[in-house]
Amino acid sequence: MNKRAFTAAGLSIVTALLASCGGTPDPAMIASERQAKSTEILNERKQKGALIMARFIYPGWLGPIRCSGRIRLRKLVDGAPDKVAAPQDLGTAFRWLLPEQAKPAVVKSNFLNGIPDAKDYERSFSPITPGTYVVTYASCQISDPNGTSTLEAGGDRDGLFSYISALEGASRITIGEGEIVDAGYFRVQGTKTHPVVVGAETSAAEREVMKEVIPVAYPSITFKKFGE
């Protein structure tokens, strides 16, 4: 590629990025996508009988931080985690409003902000078999100027020294047949050797965003929190 072609390609990429940030999208296209993703969410619960979504939140020094994480759930059998059946590994939502954030006047998602769109919600809901579950392991990654650090809780990690035990605190959640469960905010506090789960329901502002961007699926969503 010669210098002129390389420069033109670079300008095209920059133009595309700027358009994605500041362009005016077609309202009809947005409405169509929201309708389609809402319908996909409703259809996806047929895979296992229910859906679940959760947001992993880290209590930082300056306030809550979004944490890209994974939560391992195991069904309760006779009051203890099922050690025989395969666990349910739940990847937590990537883009969402922090608890104290207000709903923006214009709901517009891009790679620079945390405002979710219909695609984000469709990706965040995971199929799950109805039942009562407990959390046996959780991990998330936090990025800062010093690099990326990983927070872990529990020993159910598929390794040589793994062990299966429910985390303390609000680690239990029940999923009903046909439910689309928004499990709110999942947080781990305490110490590395004594982690405790804290659950909280999704904020009113986040619910308003959901109502706007997945309007067909929204009436079918059940809002819960870990510990219920």
# chains A, B, ... in the order shown; residues from 1 in each chain; ligands from 1

call {"tool": "residues_around", "arguments": {"residues": "A:Glu212", "least_positions_apart": "3", "cutoff": "12 Å", "atoms": "only C-alpha atoms", "output": "list in words"}}
result
Ile30, Ala31, Glu33, Arg34, Gln35, Ser38, Lys103, Pro104, Ala105, Val106, Val107, Lys108, Pro116, Asp117, Ala118, Tyr121, Ala205, Glu206, Arg207, Glu208, Val209, Pro215, Val216, Ala217, Tyr218 and Pro219 of chain A

call {"tool": "write_last_selection", "arguments": {"atoms": "N, CA, C and O atoms", "output": "CSV table (one decimal), in the first residue's frame"}}
result
chain,number,residue,atom,x,y,z
A,30,ILE,N,-33.1,2.1,14.4
A,30,ILE,CA,-32.9,1.8,15.8
A,30,ILE,C,-34.2,1.1,16.3
A,30,ILE,O,-34.1,0.1,17.1
A,31,ALA,N,-35.4,1.6,15.9
A,31,ALA,CA,-36.6,0.9,16.4
A,31,ALA,C,-36.7,-0.5,15.9
A,31,ALA,O,-37.1,-1.4,16.7
A,33,GLU,N,-34.1,-2.6,15.2
A,33,GLU,CA,-33.2,-3.4,16.0
A,33,GLU,C,-33.7,-3.7,17.4
A,33,GLU,O,-33.6,-4.8,17.9
A,34,ARG,N,-34.3,-2.7,18.0
A,34,ARG,CA,-34.8,-2.9,19.4
A,34,ARG,C,-35.9,-3.9,19.4
A,34,ARG,O,-36.0,-4.7,20.3
A,35,GLN,N,-36.8,-3.8,18.4
A,35,GLN,CA,-37.9,-4.8,18.3
A,35,GLN,C,-37.3,-6.2,18.1
A,35,GLN,O,-37.7,-7.2,18.7
A,38,SER,N,-35.5,-7.6,21.2
A,38,SER,CA,-36.5,-7.9,22.2
A,38,SER,C,-37.1,-9.3,21.9
A,38,SER,O,-37.2,-10.1,22.8
A,103,LYS,N,-30.7,8.2,34.0
A,103,LYS,CA,-31.0,7.9,32.6
A,103,LYS,C,-30.7,9.1,31.8
A,103,LYS,O,-31.2,10.2,32.0
A,104,PRO,N,-29.9,8.9,30.7
A,104,PRO,CA,-29.6,10.1,29.9
A,104,PRO,C,-30.8,10.5,29.1
A,104,PRO,O,-31.7,9.7,28.8
A,105,ALA,N,-30.8,11.8,28.7
A,105,ALA,CA,-31.9,12.3,27.9
A,105,ALA,C,-32.1,11.6,26.6
A,105,ALA,O,-33.2,11.3,26.1
A,106,VAL,N,-30.9,11.3,26.0
A,106,VAL,CA,-30.9,10.5,24.7
A,106,VAL,C,-30.1,9.2,25.0
A,106,VAL,O,-28.9,9.3,25.3
A,107,VAL,N,-30.8,8.1,24.9
A,107,VAL,CA,-30.1,6.8,25.1
A,107,VAL,C,-29.4,6.4,23.8
A,107,VAL,O,-29.9,6.0,22.8
A,108,LYS,N,-28.1,6.6,23.9
A,108,LYS,CA,-27.2,6.3,22.7
A,108,LYS,C,-25.9,5.6,23.2
A,108,LYS,O,-25.2,6.2,24.0
A,116,PRO,N,-26.1,1.0,27.8
A,116,PRO,CA,-26.4,-0.2,27.1
A,116,PRO,C,-27.4,0.0,26.0
A,116,PRO,O,-28.3,0.9,26.0
A,117,ASP,N,-27.3,-0.8,24.9
A,117,ASP,CA,-28.3,-0.8,23.9
A,117,ASP,C,-29.0,-2.2,23.8
A,117,ASP,O,-28.7,-3.0,24.6
A,118,ALA,N,-29.8,-2.3,22.8
A,118,ALA,CA,-30.6,-3.6,22.7
A,118,ALA,C,-29.6,-4.8,22.5
A,118,ALA,O,-29.9,-5.9,23.1
A,121,TYR,N,-28.1,-5.9,25.9
A,121,TYR,CA,-29.0,-6.7,26.7
A,121,TYR,C,-29.3,-8.1,26.2
A,121,TYR,O,-29.3,-9.1,27.0
A,205,ALA,N,-33.2,4.0,37.0
A,205,ALA,CA,-32.7,4.6,35.8
A,205,ALA,C,-32.4,3.5,34.8
A,205,ALA,O,-32.7,3.6,33.6
A,206,GLU,N,-31.7,2.4,35.2
A,206,GLU,CA,-31.4,1.3,34.3
A,206,GLU,C,-32.7,0.6,33.8
A,206,GLU,O,-32.8,0.3,32.6
A,207,ARG,N,-33.7,0.5,34.6
A,207,ARG,CA,-35.0,-0.1,34.2
A,207,ARG,C,-35.6,0.8,33.1
A,207,ARG,O,-36.2,0.3,32.2
A,208,GLU,N,-35.5,2.1,33.3
A,208,GLU,CA,-36.0,3.0,32.3
A,208,GLU,C,-35.3,2.8,30.9
A,208,GLU,O,-36.0,2.9,29.9
A,209,VAL,N,-34.0,2.6,31.0
A,209,VAL,CA,-33.3,2.4,29.7
A,209,VAL,C,-33.7,1.1,29.1
A,209,VAL,O,-33.9,1.0,27.9
A,215,PRO,N,-38.3,-2.8,24.3
A,215,PRO,CA,-39.7,-2.6,24.8
A,215,PRO,C,-40.6,-3.9,24.7
A,215,PRO,O,-41.5,-4.0,25.5
A,216,VAL,N,-40.3,-4.8,23.8
A,216,VAL,CA,-41.2,-6.0,23.7
A,216,VAL,C,-40.8,-6.9,24.8
A,216,VAL,O,-41.7,-7.6,25.4
A,217,ALA,N,-39.6,-7.1,25.2
A,217,ALA,CA,-39.2,-8.0,26.2
A,217,ALA,C,-39.4,-7.5,27.6
A,217,ALA,O,-39.6,-8.2,28.6
A,218,TYR,N,-39.3,-6.2,27.8
A,218,TYR,CA,-39.3,-5.5,29.1
A,218,TYR,C,-40.5,-6.0,30.0
A,218,TYR,O,-40.2,-6.3,31.2
A,219,PRO,N,-41.7,-6.1,29.5
A,219,PRO,CA,-42.8,-6.5,30.4
A,219,PRO,C,-42.7,-7.9,31.0
A,219,PRO,O,-43.3,-8.2,32.0

call {"tool": "residues_around", "arguments": {"residues": "A:Gly60", "least_positions_apart": "5", "cutoff": "12 Å", "atoms": "only C-alpha atoms", "output": "PDB file with N, CA and C atoms, in the first residue's frame"}}
result
ATOM      1  N   ILE A  65     -17.479   0.496  40.544  1.00  0.00           N
ATOM      2  CA  ILE A  65     -16.795   0.317  39.265  1.00  0.00           C
ATOM      3  C   ILE A  65     -17.406  -0.887  38.550  1.00  0.00           C
ATOM      4  N   ARG A  66     -17.627  -0.750  37.242  1.00  0.00           N
ATOM      5  CA  ARG A  66     -18.066  -1.902  36.455  1.00  0.00           C
ATOM      6  C   ARG A  66     -16.932  -2.918  36.388  1.00  0.00           C
ATOM      7  N   CYS A  67     -17.283  -4.176  36.587  1.00  0.00           N
ATOM      8  CA  CYS A  67     -16.283  -5.228  36.624  1.00  0.00           C
ATOM      9  C   CYS A  67     -16.705  -6.320  35.647  1.00  0.00           C
ATOM     10  N   ILE A 142     -10.492  -5.860  36.710  1.00  0.00           N
ATOM     11  CA  ILE A 142     -10.576  -4.412  36.833  1.00  0.00           C
ATOM     12  C   ILE A 142      -9.340  -3.802  36.187  1.00  0.00           C
ATOM     13  N   SER A 143      -9.559  -2.874  35.290  1.00  0.00           N
ATOM     14  CA  SER A 143      -8.439  -2.207  34.617  1.00  0.00           C
ATOM     15  C   SER A 143      -8.238  -0.816  35.200  1.00  0.00           C
ATOM     16  N   ASP A 144      -6.989  -0.461  35.422  1.00  0.00           N
ATOM     17  CA  ASP A 144      -6.631   0.871  35.899  1.00  0.00           C
ATOM     18  C   ASP A 144      -5.293   1.265  35.269  1.00  0.00           C
ATOM     19  N   ARG A 187     -22.072  -8.099  44.098  1.00  0.00           N
ATOM     20  CA  ARG A 187     -20.868  -7.514  44.672  1.00  0.00           C
ATOM     21  C   ARG A 187     -20.287  -8.471  45.702  1.00  0.00           C
ATOM     22  N   VAL A 188     -18.953  -8.523  45.777  1.00  0.00           N
ATOM     23  CA  VAL A 188     -18.262  -9.326  46.785  1.00  0.00           C
ATOM     24  C   VAL A 188     -17.506  -8.383  47.703  1.00  0.00           C
ATOM     25  N   GLN A 189     -17.740  -8.519  48.998  1.00  0.00           N
ATOM     26  CA  GLN A 189     -17.011  -7.716  49.968  1.00  0.00           C
ATOM     27  C   GLN A 189     -16.380  -8.648  51.004  1.00  0.00           C
TER      28      GLN A 189
END

call {"tool": "select_by_dssp", "arguments": {"residues": "stretch 70-160 of chain A", "states": "helix (DSSP H, G or I)", "output": "list in words"}}
result
Ala118, Lys119, Asp120, Tyr121, Glu122, Arg123 and Ser124 of chain A

call {"tool": "atom_distance", "arguments": {"atom1": "atom CA of A:Phe125", "atom2": "atom CA of A:Val198"}}
result
20.4 Å

call {"tool": "residues_around", "arguments": {"residues": "A:Ile221", "least_positions_apart": "5", "cutoff": "7 Å", "atoms": "only C-alpha atoms", "output": "PyMOL selection string"}}
result
chain A and resi 180-182
